[in-house]
Amino acid sequence: MPKLIALDDGHGMNTPGKRTPYLPEIGRSIQENEFNREVVKYLKIELERCGFQTLLVAPTNTDTPLSTRTNLANSKKADAYIAIHYNAFDGSFSGANPSGIELYVYLGHTNKEAGKLASSIAKYLRQGTPQNYRGILEADFHVLRETNMIAVLTENGFMDNKPEALLMLDKDFQKEVAIEHAKGICDYYGVTYKPDKPSKPDQPEEEMSLLKVAVVVNSFIDYPVAELLANRVAAPIYTRSVASNNKVASELLVVGGKSSGLKADKFTVLSGTDRFATAAKVKKYIDSIR
C-alpha cells in the first residue's frame, strides 16, 4: 500500500512576523509562506509521481492552527509528516546574518526513524544550491511532538540573510528544494525516484527555440548582483544545477564559478576571486552594454 505523506507549508500568508525585512531590490518584504507553499505544491507533485499518497494539512493561505494540522495527519494515519519552513535569526539584514539549512526532529529522535528520514533528506539538500549545512537538530516543536508518525521539519534558508531571502521567490530554487525533499523521502522508503518526463517536442531539439541569453548564478552569495544583471539584460536567472542539466539559452552569463559543465553555445564568465571581484566584473559588463 502506498505510503501517505503529510505535507505542512509552515505558517500562513498573513502570519505576523513571518517575513523578510524590507527588500529594496523588489520593493517589499517576502512572506515566509510564499516560499513554503510553493515548495509543498511542487513536492506534492513529485511524491505522487513516485507513487506516494499525500495529505495537505494546511491547504489554504490562512494560518491553520498547529493542532488542526497534526490532528488531521493523525486521523488519516499518515506515515510521515514533513513541515517546510524558512528560518530567521534577528529579523534584520545587519548583524551576524547566519545562513544555511537545518533539519529538526523531536527530542531524542536523532538516532530513531525520524533522524534517518532527516538524514536522507539532508543528503540531497546538500547537493543542491550551495548553502551552509547546519545539521540535524532536536526541538520540542508541536508538529514534531504531537504527531503519531515520523516527523521532520526543515528550515531551508534564513529570511534575514539577504541572498537567501532573495532565493525565496526563485522558482528554480523552490522546485530544486522540493525535488531534494522528494529524493530523500524516496531514499528512506526504498522507492525509486522518478524524474518528471519532459514533453516531447514536435521538432528536433536543435530546431526548438531557445532563450537568447540567461544568467547563471553559482552561489546564493552572488544572487543580488546576478539579479541586477538579469534585470539589465531582461533575462531569467538559473541555478548552476538547472543549467548543467538543460540547455536553457544560447548564451549564458555566468555570475560566479566557471562555465565548465554548463550547456550553451556561448559563455560570458563574470566571475572573480570573491563576491566583491565578481560584483565588479558584473558592473563593468553592465556599463559596457549601456
# chains A, B, ... in the order shown; residues from 1 in each chain; ligands from 1
>>> residues_around(residues="stretch 258-273 of chain A", least_positions_apart="5", cutoff="6 Å", atoms="only C-alpha atoms", output="ChimeraX atom specification")
/A:243-244,247,250-253,278,281-282
>>> write_last_selection(atoms="all heavy atoms", output="CSV table (one decimal), in the first residue's frame")
chain,number,residue,atom,x,y,z
A,243,ALA,N,21.1,24.7,-15.1
A,243,ALA,CA,21.8,25.0,-16.3
A,243,ALA,C,22.8,23.9,-16.7
A,243,ALA,O,23.3,23.8,-17.9
A,243,ALA,CB,22.5,26.3,-16.3
A,244,SER,N,23.2,23.1,-15.8
A,244,SER,CA,24.1,21.9,-16.1
A,244,SER,C,23.3,20.8,-16.7
A,244,SER,O,23.8,20.0,-17.4
A,244,SER,CB,24.8,21.5,-14.8
A,244,SER,OG,25.6,22.5,-14.2
A,247,LYS,N,20.0,22.7,-21.6
A,247,LYS,CA,20.4,23.9,-22.3
A,247,LYS,C,19.3,24.9,-22.3
A,247,LYS,O,18.3,24.8,-23.0
A,247,LYS,CB,20.8,23.5,-23.8
A,247,LYS,CG,21.4,24.6,-24.6
A,247,LYS,CD,21.8,24.1,-26.0
A,247,LYS,CE,22.4,25.2,-26.8
A,247,LYS,NZ,22.7,24.8,-28.2
A,250,SER,N,21.0,30.1,-25.5
A,250,SER,CA,22.1,30.1,-26.4
A,250,SER,C,23.4,30.7,-25.8
A,250,SER,O,24.5,30.2,-26.0
A,250,SER,CB,21.8,30.9,-27.7
A,250,SER,OG,20.7,30.3,-28.4
A,251,GLU,N,23.2,31.7,-25.0
A,251,GLU,CA,24.3,32.3,-24.3
A,251,GLU,C,24.0,32.4,-22.8
A,251,GLU,O,22.9,32.7,-22.4
A,251,GLU,CB,24.6,33.8,-24.8
A,251,GLU,CG,25.8,34.4,-24.1
A,251,GLU,CD,26.0,35.9,-24.5
A,251,GLU,OE1,25.2,36.4,-25.4
A,251,GLU,OE2,27.0,36.5,-24.0
A,252,LEU,N,25.1,32.0,-22.0
A,252,LEU,CA,24.9,32.1,-20.6
A,252,LEU,C,25.9,33.2,-20.0
A,252,LEU,O,27.1,33.2,-20.4
A,252,LEU,CB,25.2,30.7,-20.0
A,252,LEU,CG,24.3,29.6,-20.3
A,252,LEU,CD1,24.7,28.3,-19.5
A,252,LEU,CD2,22.8,30.0,-19.9
A,253,LEU,N,25.4,34.0,-19.2
A,253,LEU,CA,26.2,35.0,-18.5
A,253,LEU,C,26.4,34.4,-17.1
A,253,LEU,O,25.5,34.2,-16.3
A,253,LEU,CB,25.4,36.3,-18.3
A,253,LEU,CG,25.0,37.0,-19.7
A,253,LEU,CD1,24.3,38.3,-19.4
A,253,LEU,CD2,26.2,37.2,-20.6
A,278,THR,N,33.6,39.6,-8.2
A,278,THR,CA,32.5,39.2,-9.2
A,278,THR,C,31.6,40.4,-9.4
A,278,THR,O,31.2,40.6,-10.5
A,278,THR,CB,31.7,38.0,-8.6
A,278,THR,OG1,32.6,36.8,-8.5
A,278,THR,CG2,30.6,37.6,-9.5
A,281,LYS,N,33.1,42.8,-11.8
A,281,LYS,CA,33.0,42.4,-13.2
A,281,LYS,C,31.6,42.5,-13.8
A,281,LYS,O,31.5,42.9,-15.0
A,281,LYS,CB,33.5,40.9,-13.3
A,281,LYS,CG,35.0,40.7,-13.1
A,281,LYS,CD,35.4,39.3,-13.6
A,281,LYS,CE,36.9,39.2,-13.6
A,281,LYS,NZ,37.4,37.9,-14.1
A,282,VAL,N,30.6,42.2,-13.0
A,282,VAL,CA,29.3,42.4,-13.4
A,282,VAL,C,29.0,43.9,-13.7
A,282,VAL,O,28.4,44.2,-14.8
A,282,VAL,CB,28.3,41.8,-12.4
A,282,VAL,CG1,26.8,42.2,-12.8
A,282,VAL,CG2,28.4,40.3,-12.3
>>> select_by_dssp(residues="stretch 154-284 of chain A", states="strand (DSSP E or B)", output="PyMOL selection string")
chain A and resi 154-158+211-217+237-239+249-255+266-269
>>> atom_distance(atom1="atom CA of A:Ile121", atom2="atom CA of A:Glu180")
6.7 Å
>>> closest_residue(among="A:Val152, A:Cys186, A:Ala83, A:Val216", to="A:Arg37", atoms="only C-alpha atoms")
A:Ala83
>>> residues_around(residues="A:Pro195", least_positions_apart="3", cutoff="9 Å", atoms="only C-alpha atoms", output="PDB file with C-alpha atoms, in the first residue's frame")
ATOM      1  CA  GLU A  46       6.968  14.946  -7.083  1.00  0.00           C
ATOM      2  CA  ARG A  49       4.562  10.811  -9.425  1.00  0.00           C
ATOM      3  CA  CYS A  50       6.799   8.464  -7.400  1.00  0.00           C
ATOM      4  CA  ILE A 179      12.914  17.631  -5.638  1.00  0.00           C
TER       5      ILE A 179
END
>>> atom_distance(atom1="atom CA of A:Arg69", atom2="atom CA of A:Val57")
4.9 Å
>>> closest_residue(among="A:Val191, A:Val143, A:Val242, A:Val248", to="A:Lys212", atoms="only C-alpha atoms")
A:Val248
>>> residues_around(residues="stretch 226-234 of chain A", least_positions_apart="4", cutoff="12 Å", atoms="only C-alpha atoms", output="ChimeraX atom specification")
/A:24-26,163,166-167,169-170,211-222,238-239,251-256,269-271,275,278-290
>>> atom_distance(atom1="atom CA of A:Ser92", atom2="atom CA of A:Asp160")
5.4 Å
>>> residues_around(residues="A:Ile30", least_positions_apart="2", cutoff="10 Å", atoms="only C-alpha atoms", output="JSON, numbers by chain")
{"A": [13, 18, 19, 20, 21, 22, 23, 26, 27, 28, 32, 33, 34, 35, 159, 165, 166, 168, 169]}
>>> closest_residue(among="A:Asp63, A:Glu113, A:Glu102, A:Asp9", to="A:Tyr42", atoms="only C-alpha atoms")
A:Asp9
>>> residues_around(residues="A:Ser75", least_positions_apart="2", cutoff="12 Å", atoms="only C-alpha atoms", output="number ranges by chain")
A: 4, 6, 55, 57, 67-73, 77-79, 147-149
>>> write_last_selection(atoms="C-alpha atoms", output="PDB file, in the first residue's frame")
ATOM      1  CA  LEU A   4       0.842   8.585   2.961  1.00  0.00           C
ATOM      2  CA  ALA A   6       1.504  14.665   5.303  1.00  0.00           C
ATOM      3  CA  LEU A  55      -2.119  14.914   2.566  1.00  0.00           C
ATOM      4  CA  VAL A  57      -2.628  19.596   6.402  1.00  0.00           C
ATOM      5  CA  SER A  67      -3.346  21.224  16.464  1.00  0.00           C
ATOM      6  CA  THR A  68      -5.631  21.114  13.390  1.00  0.00           C
ATOM      7  CA  ARG A  69      -2.679  20.126  11.251  1.00  0.00           C
ATOM      8  CA  THR A  70      -1.375  17.371  13.494  1.00  0.00           C
ATOM      9  CA  ASN A  71      -4.853  16.077  14.345  1.00  0.00           C
ATOM     10  CA  LEU A  72      -5.623  15.687  10.644  1.00  0.00           C
ATOM     11  CA  ALA A  73      -2.365  13.836   9.999  1.00  0.00           C
ATOM     12  CA  LYS A  77      -2.774   7.700   9.851  1.00  0.00           C
ATOM     13  CA  ALA A  78      -0.076   9.366   7.779  1.00  0.00           C
ATOM     14  CA  ASP A  79       3.211   7.506   7.578  1.00  0.00           C
ATOM     15  CA  THR A 147       2.374  13.629  15.520  1.00  0.00           C
ATOM     16  CA  ASN A 148       1.930   9.863  15.772  1.00  0.00           C
ATOM     17  CA  MET A 149       4.258   9.261  12.823  1.00  0.00           C
TER      18      MET A 149
END
>>> residues_around(residues="A:Asp140", least_positions_apart="6", cutoff="12 Å", atoms="only C-alpha atoms", output="MDAnalysis selection string")
chainID A and resid 104:109 146:147 151:153
>>> write_last_selection(atoms="C-alpha atoms", output="PDB file, in the first residue's frame")
ATOM      1  CA  TYR A 104      14.650  19.187  13.040  1.00  0.00           C
ATOM      2  CA  VAL A 105      13.325  16.047  14.712  1.00  0.00           C
ATOM      3  CA  TYR A 106      11.704  15.624  18.114  1.00  0.00           C
ATOM      4  CA  LEU A 107      13.774  15.361  21.288  1.00  0.00           C
ATOM      5  CA  GLY A 108      15.678  12.090  21.449  1.00  0.00           C
ATOM      6  CA  HIS A 109      14.804  11.085  17.876  1.00  0.00           C
ATOM      7  CA  GLU A 146       2.127  15.789  18.634  1.00  0.00           C
ATOM      8  CA  THR A 147       2.374  13.629  15.520  1.00  0.00           C
ATOM      9  CA  ALA A 151       8.126  13.835  11.534  1.00  0.00           C
ATOM     10  CA  VAL A 152      10.778  16.152  10.115  1.00  0.00           C
ATOM     11  CA  LEU A 153      10.774  19.949   9.933  1.00  0.00           C
TER      12      LEU A 153
END
>>> select_by_dssp(residues="stretch 49-260 of chain A", states="alpha helix (DSSP H)", output="MDAnalysis selection string")
chainID A and resid 49 66:75 113:125 142:145 162:167 171:189 223:233 240:245
